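Source file: target-v2.cif; contents: mmCIF, N, CA and C atoms.
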data_structure
loop_
_atom_site.label_atom_id
_atom_site.label_comp_id
_atom_site.auth_asym_id
_atom_site.auth_seq_id
_atom_site.Cartn_x
_atom_site.Cartn_y
_atom_site.Cartn_z
N MET A 1 0.85 -1.17 0.00
CA MET A 1 0.00 0.00 0.00
C MET A 1 0.90 1.23 0.00
N ASP A 2 0.63 2.16 -0.89
CA ASP A 2 1.41 3.39 -0.93
C ASP A 2 0.74 4.47 -0.08
N THR A 3 1.39 5.62 0.02
CA THR A 3 0.92 6.69 0.89
C THR A 3 -0.44 7.23 0.45
N LYS A 4 -0.65 7.36 -0.84
CA LYS A 4 -1.92 7.88 -1.35
C LYS A 4 -3.07 6.95 -1.00
N THR A 5 -2.86 5.66 -1.16
CA THR A 5 -3.90 4.68 -0.84
C THR A 5 -4.20 4.68 0.65
N LEU A 6 -3.16 4.77 1.47
CA LEU A 6 -3.34 4.83 2.92
C LEU A 6 -4.12 6.08 3.31
N THR A 7 -3.76 7.21 2.73
CA THR A 7 -4.45 8.47 3.02
C THR A 7 -5.92 8.39 2.62
N ASP A 8 -6.19 7.85 1.44
CA ASP A 8 -7.58 7.71 0.98
C ASP A 8 -8.39 6.79 1.90
N SER A 9 -7.78 5.67 2.28
CA SER A 9 -8.47 4.71 3.14
C SER A 9 -8.79 5.31 4.51
N LEU A 10 -7.83 6.00 5.10
CA LEU A 10 -8.07 6.63 6.41
C LEU A 10 -9.10 7.75 6.31
N ALA A 11 -9.06 8.51 5.23
CA ALA A 11 -10.02 9.60 5.06
C ALA A 11 -11.45 9.06 4.98
N ARG A 12 -11.62 7.93 4.27
CA ARG A 12 -12.95 7.32 4.18
C ARG A 12 -13.41 6.78 5.54
N ARG A 13 -12.52 6.08 6.22
CA ARG A 13 -12.90 5.46 7.50
C ARG A 13 -13.21 6.50 8.57
N LEU A 14 -12.41 7.57 8.60
CA LEU A 14 -12.58 8.59 9.65
C LEU A 14 -13.52 9.71 9.25
N ASP A 15 -13.93 9.71 7.98
CA ASP A 15 -14.78 10.77 7.44
C ASP A 15 -14.11 12.13 7.60
N TYR A 16 -12.81 12.16 7.24
CA TYR A 16 -12.01 13.39 7.29
C TYR A 16 -11.63 13.80 5.88
N ASN A 17 -11.19 15.02 5.76
CA ASN A 17 -10.64 15.55 4.52
C ASN A 17 -9.29 14.87 4.25
N LYS A 18 -8.96 14.60 2.98
CA LYS A 18 -7.70 13.95 2.64
C LYS A 18 -6.50 14.79 3.06
N LYS A 19 -6.62 16.11 2.96
CA LYS A 19 -5.52 16.97 3.37
C LYS A 19 -5.26 16.87 4.87
N ASP A 20 -6.32 16.79 5.66
CA ASP A 20 -6.17 16.67 7.11
C ASP A 20 -5.50 15.35 7.47
N VAL A 21 -5.88 14.29 6.78
CA VAL A 21 -5.28 12.98 7.03
C VAL A 21 -3.80 12.99 6.63
N ALA A 22 -3.48 13.64 5.52
CA ALA A 22 -2.08 13.74 5.08
C ALA A 22 -1.24 14.49 6.11
N VAL A 23 -1.79 15.56 6.66
CA VAL A 23 -1.09 16.32 7.71
C VAL A 23 -0.91 15.44 8.95
N LEU A 24 -1.93 14.69 9.30
CA LEU A 24 -1.85 13.79 10.46
C LEU A 24 -0.76 12.74 10.26
N LEU A 25 -0.70 12.13 9.09
CA LEU A 25 0.32 11.12 8.83
C LEU A 25 1.73 11.72 8.85
N GLU A 26 1.88 12.91 8.29
CA GLU A 26 3.18 13.57 8.30
C GLU A 26 3.59 13.92 9.73
N SER A 27 2.63 14.34 10.54
CA SER A 27 2.92 14.65 11.94
C SER A 27 3.33 13.39 12.70
N LEU A 28 2.65 12.29 12.43
CA LEU A 28 3.00 11.02 13.07
C LEU A 28 4.42 10.60 12.71
N SER A 29 4.76 10.67 11.43
CA SER A 29 6.11 10.26 11.03
C SER A 29 7.15 11.21 11.60
N SER A 30 6.83 12.49 11.74
CA SER A 30 7.74 13.45 12.34
C SER A 30 8.01 13.13 13.81
N VAL A 31 6.95 12.79 14.54
CA VAL A 31 7.10 12.43 15.95
C VAL A 31 7.93 11.15 16.10
N VAL A 32 7.68 10.17 15.25
CA VAL A 32 8.44 8.92 15.29
C VAL A 32 9.92 9.19 15.01
N ARG A 33 10.22 9.99 13.98
CA ARG A 33 11.61 10.34 13.66
C ARG A 33 12.28 11.05 14.83
N GLU A 34 11.58 12.01 15.41
CA GLU A 34 12.15 12.81 16.49
C GLU A 34 12.49 11.95 17.70
N HIS A 35 11.54 11.14 18.14
CA HIS A 35 11.75 10.34 19.35
C HIS A 35 12.71 9.19 19.11
N CYS A 36 12.64 8.58 17.95
CA CYS A 36 13.57 7.48 17.67
C CYS A 36 14.99 8.00 17.51
N GLY A 37 15.13 9.22 17.04
CA GLY A 37 16.45 9.84 16.96
C GLY A 37 17.06 10.06 18.34
N GLU A 38 16.21 10.17 19.35
CA GLU A 38 16.66 10.32 20.74
C GLU A 38 16.71 8.96 21.45
N LEU A 39 16.58 7.88 20.68
CA LEU A 39 16.62 6.49 21.19
C LEU A 39 15.46 6.18 22.13
N ASP A 40 14.32 6.83 21.94
CA ASP A 40 13.10 6.50 22.69
C ASP A 40 12.28 5.53 21.87
N SER A 41 11.71 4.51 22.51
CA SER A 41 10.83 3.60 21.79
C SER A 41 9.41 4.17 21.79
N ILE A 42 8.64 3.80 20.76
CA ILE A 42 7.28 4.29 20.62
C ILE A 42 6.35 3.09 20.49
N ALA A 43 5.38 3.00 21.40
CA ALA A 43 4.42 1.90 21.38
C ALA A 43 3.08 2.41 20.87
N VAL A 44 2.52 1.69 19.92
CA VAL A 44 1.19 1.99 19.39
C VAL A 44 0.29 0.83 19.81
N PRO A 45 -0.64 1.07 20.74
CA PRO A 45 -1.47 -0.02 21.26
C PRO A 45 -2.22 -0.75 20.15
N GLY A 46 -2.16 -2.07 20.20
CA GLY A 46 -2.85 -2.90 19.22
C GLY A 46 -2.10 -3.04 17.91
N PHE A 47 -0.98 -2.34 17.75
CA PHE A 47 -0.22 -2.39 16.50
C PHE A 47 1.19 -2.91 16.74
N GLY A 48 1.95 -2.25 17.60
CA GLY A 48 3.30 -2.71 17.87
C GLY A 48 4.16 -1.62 18.46
N CYS A 49 5.47 -1.90 18.48
CA CYS A 49 6.41 -0.99 19.12
C CYS A 49 7.60 -0.75 18.18
N PHE A 50 7.94 0.51 18.00
CA PHE A 50 9.11 0.89 17.23
C PHE A 50 10.26 1.11 18.22
N GLU A 51 11.34 0.37 18.03
CA GLU A 51 12.47 0.45 18.95
C GLU A 51 13.74 0.79 18.19
N PRO A 52 14.34 1.94 18.50
CA PRO A 52 15.63 2.26 17.88
C PRO A 52 16.75 1.50 18.58
N LYS A 53 17.71 1.05 17.81
CA LYS A 53 18.86 0.34 18.37
C LYS A 53 20.13 0.96 17.82
N LYS A 54 21.06 1.24 18.71
CA LYS A 54 22.31 1.84 18.29
C LYS A 54 23.35 0.75 18.12
N ARG A 55 23.91 0.68 16.92
CA ARG A 55 24.99 -0.27 16.65
C ARG A 55 26.30 0.48 16.86
N MET A 56 27.18 -0.11 17.63
CA MET A 56 28.47 0.51 17.91
C MET A 56 29.36 0.42 16.68
N GLU A 57 30.41 1.23 16.67
CA GLU A 57 31.33 1.15 15.55
C GLU A 57 32.03 -0.21 15.57
N ARG A 58 32.41 -0.68 14.39
CA ARG A 58 33.01 -2.00 14.31
C ARG A 58 33.97 -2.06 13.12
N VAL A 59 34.80 -3.06 13.14
CA VAL A 59 35.77 -3.26 12.07
C VAL A 59 35.19 -4.28 11.10
N MET A 60 35.26 -3.96 9.80
CA MET A 60 34.77 -4.85 8.77
C MET A 60 35.92 -5.18 7.82
N VAL A 61 35.96 -6.42 7.36
CA VAL A 61 36.97 -6.82 6.40
C VAL A 61 36.32 -6.96 5.03
N MET A 62 36.86 -6.23 4.04
CA MET A 62 36.36 -6.33 2.66
C MET A 62 36.76 -7.69 2.11
N PRO A 63 35.80 -8.53 1.70
CA PRO A 63 36.13 -9.88 1.23
C PRO A 63 37.03 -9.89 -0.01
N SER A 64 36.83 -8.94 -0.92
CA SER A 64 37.60 -8.96 -2.17
C SER A 64 39.04 -8.53 -1.99
N THR A 65 39.28 -7.57 -1.10
CA THR A 65 40.64 -7.04 -0.95
C THR A 65 41.32 -7.46 0.35
N GLY A 66 40.55 -7.85 1.33
CA GLY A 66 41.10 -8.20 2.63
C GLY A 66 41.42 -6.98 3.49
N LYS A 67 41.08 -5.79 3.01
CA LYS A 67 41.32 -4.57 3.76
C LYS A 67 40.35 -4.47 4.93
N ARG A 68 40.84 -3.92 6.01
CA ARG A 68 40.02 -3.69 7.20
C ARG A 68 39.51 -2.25 7.16
N MET A 69 38.22 -2.10 7.44
CA MET A 69 37.61 -0.76 7.45
C MET A 69 36.86 -0.57 8.75
N LEU A 70 36.84 0.67 9.23
CA LEU A 70 36.10 1.00 10.44
C LEU A 70 34.74 1.54 10.03
N LEU A 71 33.68 0.85 10.43
CA LEU A 71 32.32 1.31 10.16
C LEU A 71 31.85 2.18 11.32
N PRO A 72 31.30 3.35 11.03
CA PRO A 72 30.85 4.25 12.10
C PRO A 72 29.61 3.70 12.80
N PRO A 73 29.32 4.20 14.00
CA PRO A 73 28.10 3.76 14.69
C PRO A 73 26.87 4.27 13.93
N LYS A 74 25.78 3.52 14.04
CA LYS A 74 24.54 3.94 13.38
C LYS A 74 23.34 3.51 14.20
N ILE A 75 22.23 4.17 13.95
CA ILE A 75 20.98 3.86 14.63
C ILE A 75 20.05 3.20 13.62
N SER A 76 19.53 2.02 13.98
CA SER A 76 18.57 1.34 13.13
C SER A 76 17.25 1.23 13.90
N LEU A 77 16.16 1.14 13.16
CA LEU A 77 14.84 1.09 13.77
C LEU A 77 14.25 -0.30 13.55
N SER A 78 13.82 -0.92 14.64
CA SER A 78 13.18 -2.23 14.51
C SER A 78 11.72 -2.10 14.94
N PHE A 79 10.90 -3.01 14.46
CA PHE A 79 9.47 -3.01 14.78
C PHE A 79 9.11 -4.36 15.36
N LYS A 80 8.43 -4.35 16.49
CA LYS A 80 7.93 -5.57 17.10
C LYS A 80 6.41 -5.49 17.11
N PRO A 81 5.74 -6.37 16.37
CA PRO A 81 4.28 -6.33 16.34
C PRO A 81 3.69 -6.75 17.69
N SER A 82 2.51 -6.20 17.98
CA SER A 82 1.83 -6.54 19.23
C SER A 82 1.26 -7.95 19.14
N ALA A 83 0.89 -8.50 20.28
CA ALA A 83 0.31 -9.84 20.32
C ALA A 83 -1.00 -9.89 19.54
N ILE A 84 -1.79 -8.82 19.62
CA ILE A 84 -3.07 -8.77 18.89
C ILE A 84 -2.82 -8.82 17.38
N LEU A 85 -1.86 -8.06 16.90
CA LEU A 85 -1.54 -8.05 15.47
C LEU A 85 -1.02 -9.41 15.03
N LYS A 86 -0.20 -10.04 15.84
CA LYS A 86 0.32 -11.37 15.51
C LYS A 86 -0.81 -12.38 15.39
N GLN A 87 -1.78 -12.33 16.31
CA GLN A 87 -2.91 -13.26 16.27
C GLN A 87 -3.74 -13.06 15.01
N ARG A 88 -3.98 -11.80 14.64
CA ARG A 88 -4.78 -11.52 13.44
C ARG A 88 -4.07 -12.02 12.17
N LEU A 89 -2.77 -11.84 12.15
CA LEU A 89 -2.00 -12.31 10.98
C LEU A 89 -2.00 -13.84 10.90
N ARG A 90 -1.92 -14.51 12.04
CA ARG A 90 -1.97 -15.97 12.06
C ARG A 90 -3.32 -16.49 11.57
N LYS A 91 -4.40 -15.84 11.99
CA LYS A 91 -5.74 -16.25 11.59
C LYS A 91 -5.92 -16.12 10.08
N GLN A 92 -5.34 -15.08 9.48
CA GLN A 92 -5.48 -14.88 8.04
C GLN A 92 -4.70 -15.91 7.24
N THR A 93 -3.61 -16.44 7.80
CA THR A 93 -2.83 -17.44 7.06
C THR A 93 -3.40 -18.83 7.21
N ASP A 94 -4.24 -19.05 8.21
CA ASP A 94 -4.82 -20.40 8.42
C ASP A 94 -5.98 -20.66 7.51
#

Spell out the structure here as structure tokens.
Amino acid sequence: MDTKTLTDSLARRLDYNKKDVAVLLESLSSVVREHCGELDSIAVPGFGCFEPKKRMERVMVMPSTGKRMLLPPKISLSFKPSAILKQRLRKQTD
């Protein structure tokens, strides 16, 4: 599902203007970016939890040349689905 389809679907379900829903989605993504950048996790009840994880710097060996390189630290974002979402997904596959 792309952003336009998501916006249209939410606008129909909530009986809101598409522009208002687009602003809401942009605000949500802004809040997620801001808090995850500060290494705060964000839980959405019934959906799941976004957890940022900081990977420390490490040494990597290039397979083709054998050279050692230092990779800088980085922050990655992981998602853990809630138990309710997992159950719904299991029911759909059965």

Atom-to-atom span, atom CA of A:Leu89 and atom N of A:Gly46, Å: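 Calculated distance between atom CA of A:Leu89 and atom N of A:Gly46 is 13.8 Å.
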
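Nearest residue to A:Lys4, choosing from A:Val61, A:Ile42, A:Val21, A:Met56 and counting only C-alpha atoms: A:Val21.
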
Picked residues, the PyMOL selection byres ((chain A and resi 29-41) around 7), expected as a list in words: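 With the PyMOL selection byres ((chain A and resi 29-41) around 7) on this model, the match is Leu24, Leu25, Glu26, Ser27, Leu28, Ile42, Ala43, Cys49, Phe50, Glu51, Pro52 and Lys53 of chain A.
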
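Separating atom CA of A:Val59 from atom CA of A:Pro72 is a distance of 9.0 Å.
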
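Atom pair atom N of A:Met62 / atom N of A:Ile75 has a distance of 20.5 Å (rounded to one decimal).
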
Option closest in space to A:Lys86, from A:Thr7, A:Met69, A:Arg55, A:Phe47 [counting all atoms listed in the file]: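 For A:Lys86, the nearest of the given residues is A:Phe47.
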
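The residue set within 6 Å of A:Leu71, counting only N, CA and C atoms and dropping same-chain residues fewer than 6 places from it, reads Glu57, Arg58, Val59 and Met60 of chain A.
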
DSSP helix (DSSP H, G or I) residues within stretch 7-87 of chain A, listed as a PyMOL selection string: chain A and resi 7-14+18-37+83-87

Keeping only N, CA and C atoms, take the residues you just selected and write them out as a short mmCIF file (atom, residue, chain, number, x, y, z; two decimals), in the frame of the given file.
data_model
loop_
_atom_site.label_atom_id
_atom_site.label_comp_id
_atom_site.auth_asym_id
_atom_site.auth_seq_id
_atom_site.Cartn_x
_atom_site.Cartn_y
_atom_site.Cartn_z
N THR A 7 -3.76 7.21 2.73
CA THR A 7 -4.45 8.47 3.02
C THR A 7 -5.92 8.39 2.62
N ASP A 8 -6.19 7.85 1.44
CA ASP A 8 -7.58 7.71 0.98
C ASP A 8 -8.39 6.79 1.90
N SER A 9 -7.78 5.67 2.28
CA SER A 9 -8.47 4.71 3.14
C SER A 9 -8.79 5.31 4.51
N LEU A 10 -7.83 6.00 5.10
CA LEU A 10 -8.07 6.63 6.41
C LEU A 10 -9.10 7.75 6.31
N ALA A 11 -9.06 8.51 5.23
CA ALA A 11 -10.02 9.60 5.06
C ALA A 11 -11.45 9.06 4.98
N ARG A 12 -11.62 7.93 4.27
CA ARG A 12 -12.95 7.32 4.18
C ARG A 12 -13.41 6.78 5.54
N ARG A 13 -12.52 6.08 6.22
CA ARG A 13 -12.90 5.46 7.50
C ARG A 13 -13.21 6.50 8.57
N LEU A 14 -12.41 7.57 8.60
CA LEU A 14 -12.58 8.59 9.65
C LEU A 14 -13.52 9.71 9.25
N LYS A 18 -8.96 14.60 2.98
CA LYS A 18 -7.70 13.95 2.64
C LYS A 18 -6.50 14.79 3.06
N LYS A 19 -6.62 16.11 2.96
CA LYS A 19 -5.52 16.97 3.37
C LYS A 19 -5.26 16.87 4.87
N ASP A 20 -6.32 16.79 5.66
CA ASP A 20 -6.17 16.67 7.11
C ASP A 20 -5.50 15.35 7.47
N VAL A 21 -5.88 14.29 6.78
CA VAL A 21 -5.28 12.98 7.03
C VAL A 21 -3.80 12.99 6.63
N ALA A 22 -3.48 13.64 5.52
CA ALA A 22 -2.08 13.74 5.08
C ALA A 22 -1.24 14.49 6.11
N VAL A 23 -1.79 15.56 6.66
CA VAL A 23 -1.09 16.32 7.71
C VAL A 23 -0.91 15.44 8.95
N LEU A 24 -1.93 14.69 9.30
CA LEU A 24 -1.85 13.79 10.46
C LEU A 24 -0.76 12.74 10.26
N LEU A 25 -0.70 12.13 9.09
CA LEU A 25 0.32 11.12 8.83
C LEU A 25 1.73 11.72 8.85
N GLU A 26 1.88 12.91 8.29
CA GLU A 26 3.18 13.57 8.30
C GLU A 26 3.59 13.92 9.73
N SER A 27 2.63 14.34 10.54
CA SER A 27 2.92 14.65 11.94
C SER A 27 3.33 13.39 12.70
N LEU A 28 2.65 12.29 12.43
CA LEU A 28 3.00 11.02 13.07
C LEU A 28 4.42 10.60 12.71
N SER A 29 4.76 10.67 11.43
CA SER A 29 6.11 10.26 11.03
C SER A 29 7.15 11.21 11.60
N SER A 30 6.83 12.49 11.74
CA SER A 30 7.74 13.45 12.34
C SER A 30 8.01 13.13 13.81
N VAL A 31 6.95 12.79 14.54
CA VAL A 31 7.10 12.43 15.95
C VAL A 31 7.93 11.15 16.10
N VAL A 32 7.68 10.17 15.25
CA VAL A 32 8.44 8.92 15.29
C VAL A 32 9.92 9.19 15.01
N ARG A 33 10.22 9.99 13.98
CA ARG A 33 11.61 10.34 13.66
C ARG A 33 12.28 11.05 14.83
N GLU A 34 11.58 12.01 15.41
CA GLU A 34 12.15 12.81 16.49
C GLU A 34 12.49 11.95 17.70
N HIS A 35 11.54 11.14 18.14
CA HIS A 35 11.75 10.34 19.35
C HIS A 35 12.71 9.19 19.11
N CYS A 36 12.64 8.58 17.95
CA CYS A 36 13.57 7.48 17.67
C CYS A 36 14.99 8.00 17.51
N GLY A 37 15.13 9.22 17.04
CA GLY A 37 16.45 9.84 16.96
C GLY A 37 17.06 10.06 18.34
N ALA A 83 0.89 -8.50 20.28
CA ALA A 83 0.31 -9.84 20.32
C ALA A 83 -1.00 -9.89 19.54
N ILE A 84 -1.79 -8.82 19.62
CA ILE A 84 -3.07 -8.77 18.89
C ILE A 84 -2.82 -8.82 17.38
N LEU A 85 -1.86 -8.06 16.90
CA LEU A 85 -1.54 -8.05 15.47
C LEU A 85 -1.02 -9.41 15.03
N LYS A 86 -0.20 -10.04 15.84
CA LYS A 86 0.32 -11.37 15.51
C LYS A 86 -0.81 -12.38 15.39
N GLN A 87 -1.78 -12.33 16.31
CA GLN A 87 -2.91 -13.26 16.27
C GLN A 87 -3.74 -13.06 15.01
#

Taking every listed atom of stretch 35-39 of chain A and adding 6 Å to each side, what centre and edge lengths in Å (one decimal) does the axis-aligned box have, as JSON?
{"center_x": 14.3, "center_y": 8.7, "center_z": 19.5, "size_x": 17.5, "size_y": 17.0, "size_z": 17.2}

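Looking only at chain A, the set that DSSP places in strand (DSSP E) from backbone geometry is Ile42, Ala43, Val44, Gly48, Cys49, Phe50, Glu51, Pro52, Lys53, Lys54, Arg55, Arg58, Val59, Met60, Val61, Arg68, Met69, Leu70, Leu71, Lys74, Ile75, Ser76, Leu77, Ser78, Phe79, Lys80 and Pro81 of chain A.
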
Return stretch 83-94 of chain A, completed with all heavy atoms, as a PDB file, in the coordinates of the input.
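Contents of rebuild-v8.pdb, as written:
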ATOM      1  N   ALA A  83       0.890  -8.500  20.280  1.00  0.00           N
ATOM      2  CA  ALA A  83       0.310  -9.840  20.320  1.00  0.00           C
ATOM      3  C   ALA A  83      -1.000  -9.890  19.540  1.00  0.00           C
ATOM      4  O   ALA A  83      -1.292 -10.883  18.853  1.00  0.00           O
ATOM      5  CB  ALA A  83       0.083 -10.270  21.768  1.00  0.00           C
ATOM      6  N   ILE A  84      -1.790  -8.820  19.620  1.00  0.00           N
ATOM      7  CA  ILE A  84      -3.070  -8.770  18.890  1.00  0.00           C
ATOM      8  C   ILE A  84      -2.820  -8.820  17.380  1.00  0.00           C
ATOM      9  O   ILE A  84      -3.495  -9.558  16.654  1.00  0.00           O
ATOM     10  CB  ILE A  84      -3.845  -7.486  19.262  1.00  0.00           C
ATOM     11  CG1 ILE A  84      -4.222  -7.508  20.738  1.00  0.00           C
ATOM     12  CG2 ILE A  84      -5.070  -7.309  18.391  1.00  0.00           C
ATOM     13  CD1 ILE A  84      -4.755  -6.187  21.261  1.00  0.00           C
ATOM     14  N   LEU A  85      -1.860  -8.060  16.900  1.00  0.00           N
ATOM     15  CA  LEU A  85      -1.540  -8.050  15.470  1.00  0.00           C
ATOM     16  C   LEU A  85      -1.020  -9.410  15.030  1.00  0.00           C
ATOM     17  O   LEU A  85      -1.390  -9.909  13.958  1.00  0.00           O
ATOM     18  CB  LEU A  85      -0.523  -6.949  15.163  1.00  0.00           C
ATOM     19  CG  LEU A  85      -0.137  -6.775  13.705  1.00  0.00           C
ATOM     20  CD1 LEU A  85      -1.353  -6.441  12.863  1.00  0.00           C
ATOM     21  CD2 LEU A  85       0.911  -5.692  13.570  1.00  0.00           C
ATOM     22  N   LYS A  86      -0.200 -10.040  15.840  1.00  0.00           N
ATOM     23  CA  LYS A  86       0.320 -11.370  15.510  1.00  0.00           C
ATOM     24  C   LYS A  86      -0.810 -12.380  15.390  1.00  0.00           C
ATOM     25  O   LYS A  86      -0.830 -13.207  14.465  1.00  0.00           O
ATOM     26  CB  LYS A  86       1.306 -11.848  16.573  1.00  0.00           C
ATOM     27  CG  LYS A  86       2.657 -11.190  16.505  1.00  0.00           C
ATOM     28  CD  LYS A  86       3.536 -11.769  17.594  1.00  0.00           C
ATOM     29  CE  LYS A  86       4.867 -11.106  17.662  1.00  0.00           C
ATOM     30  NZ  LYS A  86       5.713 -11.646  18.740  1.00  0.00           N
ATOM     31  N   GLN A  87      -1.780 -12.330  16.310  1.00  0.00           N
ATOM     32  CA  GLN A  87      -2.910 -13.260  16.270  1.00  0.00           C
ATOM     33  C   GLN A  87      -3.740 -13.060  15.010  1.00  0.00           C
ATOM     34  O   GLN A  87      -4.149 -14.025  14.365  1.00  0.00           O
ATOM     35  CB  GLN A  87      -3.797 -13.070  17.506  1.00  0.00           C
ATOM     36  CG  GLN A  87      -3.183 -13.606  18.777  1.00  0.00           C
ATOM     37  CD  GLN A  87      -4.044 -13.273  19.996  1.00  0.00           C
ATOM     38  OE1 GLN A  87      -5.034 -12.551  19.893  1.00  0.00           O
ATOM     39  NE2 GLN A  87      -3.660 -13.801  21.141  1.00  0.00           N
ATOM     40  N   ARG A  88      -3.980 -11.800  14.640  1.00  0.00           N
ATOM     41  CA  ARG A  88      -4.780 -11.520  13.440  1.00  0.00           C
ATOM     42  C   ARG A  88      -4.070 -12.020  12.170  1.00  0.00           C
ATOM     43  O   ARG A  88      -4.704 -12.539  11.261  1.00  0.00           O
ATOM     44  CB  ARG A  88      -5.067 -10.045  13.319  1.00  0.00           C
ATOM     45  CG  ARG A  88      -6.101  -9.587  14.317  1.00  0.00           C
ATOM     46  CD  ARG A  88      -6.469  -8.148  14.091  1.00  0.00           C
ATOM     47  NE  ARG A  88      -7.448  -7.738  15.086  1.00  0.00           N
ATOM     48  CZ  ARG A  88      -7.847  -6.496  15.249  1.00  0.00           C
ATOM     49  NH1 ARG A  88      -7.375  -5.547  14.477  1.00  0.00           N
ATOM     50  NH2 ARG A  88      -8.745  -6.200  16.170  1.00  0.00           N
ATOM     51  N   LEU A  89      -2.770 -11.840  12.150  1.00  0.00           N
ATOM     52  CA  LEU A  89      -2.000 -12.310  10.980  1.00  0.00           C
ATOM     53  C   LEU A  89      -2.000 -13.840  10.900  1.00  0.00           C
ATOM     54  O   LEU A  89      -2.084 -14.404   9.815  1.00  0.00           O
ATOM     55  CB  LEU A  89      -0.575 -11.785  11.032  1.00  0.00           C
ATOM     56  CG  LEU A  89      -0.433 -10.269  10.815  1.00  0.00           C
ATOM     57  CD1 LEU A  89       1.009  -9.841  11.040  1.00  0.00           C
ATOM     58  CD2 LEU A  89      -0.910  -9.885   9.443  1.00  0.00           C
ATOM     59  N   ARG A  90      -1.920 -14.510  12.040  1.00  0.00           N
ATOM     60  CA  ARG A  90      -1.970 -15.970  12.060  1.00  0.00           C
ATOM     61  C   ARG A  90      -3.320 -16.490  11.570  1.00  0.00           C
ATOM     62  O   ARG A  90      -3.399 -17.475  10.855  1.00  0.00           O
ATOM     63  CB  ARG A  90      -1.682 -16.499  13.457  1.00  0.00           C
ATOM     64  CG  ARG A  90      -0.222 -16.526  13.802  1.00  0.00           C
ATOM     65  CD  ARG A  90       0.023 -17.309  15.077  1.00  0.00           C
ATOM     66  NE  ARG A  90       1.248 -16.820  15.668  1.00  0.00           N
ATOM     67  CZ  ARG A  90       1.345 -16.216  16.851  1.00  0.00           C
ATOM     68  NH1 ARG A  90       0.278 -16.041  17.596  1.00  0.00           N
ATOM     69  NH2 ARG A  90       2.506 -15.790  17.292  1.00  0.00           N
ATOM     70  N   LYS A  91      -4.400 -15.840  11.990  1.00  0.00           N
ATOM     71  CA  LYS A  91      -5.740 -16.250  11.590  1.00  0.00           C
ATOM     72  C   LYS A  91      -5.920 -16.120  10.080  1.00  0.00           C
ATOM     73  O   LYS A  91      -6.602 -16.931   9.467  1.00  0.00           O
ATOM     74  CB  LYS A  91      -6.815 -15.431  12.307  1.00  0.00           C
ATOM     75  CG  LYS A  91      -6.998 -15.808  13.739  1.00  0.00           C
ATOM     76  CD  LYS A  91      -8.080 -14.976  14.387  1.00  0.00           C
ATOM     77  CE  LYS A  91      -8.221 -15.313  15.856  1.00  0.00           C
ATOM     78  NZ  LYS A  91      -9.232 -14.473  16.514  1.00  0.00           N
ATOM     79  N   GLN A  92      -5.340 -15.080   9.480  1.00  0.00           N
ATOM     80  CA  GLN A  92      -5.480 -14.880   8.040  1.00  0.00           C
ATOM     81  C   GLN A  92      -4.700 -15.910   7.240  1.00  0.00           C
ATOM     82  O   GLN A  92      -5.089 -16.233   6.133  1.00  0.00           O
ATOM     83  CB  GLN A  92      -5.019 -13.465   7.645  1.00  0.00           C
ATOM     84  CG  GLN A  92      -5.979 -12.403   8.084  1.00  0.00           C
ATOM     85  CD  GLN A  92      -5.547 -11.024   7.634  1.00  0.00           C
ATOM     86  OE1 GLN A  92      -4.459 -10.833   7.122  1.00  0.00           O
ATOM     87  NE2 GLN A  92      -6.409 -10.058   7.839  1.00  0.00           N
ATOM     88  N   THR A  93      -3.610 -16.440   7.800  1.00  0.00           N
ATOM     89  CA  THR A  93      -2.830 -17.440   7.060  1.00  0.00           C
ATOM     90  C   THR A  93      -3.400 -18.830   7.210  1.00  0.00           C
ATOM     91  O   THR A  93      -3.064 -19.711   6.440  1.00  0.00           O
ATOM     92  CB  THR A  93      -1.356 -17.437   7.508  1.00  0.00           C
ATOM     93  OG1 THR A  93      -1.299 -17.714   8.917  1.00  0.00           O
ATOM     94  CG2 THR A  93      -0.704 -16.112   7.204  1.00  0.00           C
ATOM     95  N   ASP A  94      -4.240 -19.050   8.210  1.00  0.00           N
ATOM     96  CA  ASP A  94      -4.820 -20.400   8.420  1.00  0.00           C
ATOM     97  C   ASP A  94      -5.980 -20.660   7.510  1.00  0.00           C
ATOM     98  O   ASP A  94      -6.568 -19.965   6.849  1.00  0.00           O
ATOM     99  CB  ASP A  94      -5.294 -20.557   9.880  1.00  0.00           C
ATOM    100  CG  ASP A  94      -4.128 -20.600  10.846  1.00  0.00           C
ATOM    101  OD1 ASP A  94      -2.992 -20.881  10.393  1.00  0.00           O
ATOM    102  OD2 ASP A  94      -4.339 -20.333  12.035  1.00  0.00           O
TER     103      ASP A  94
END
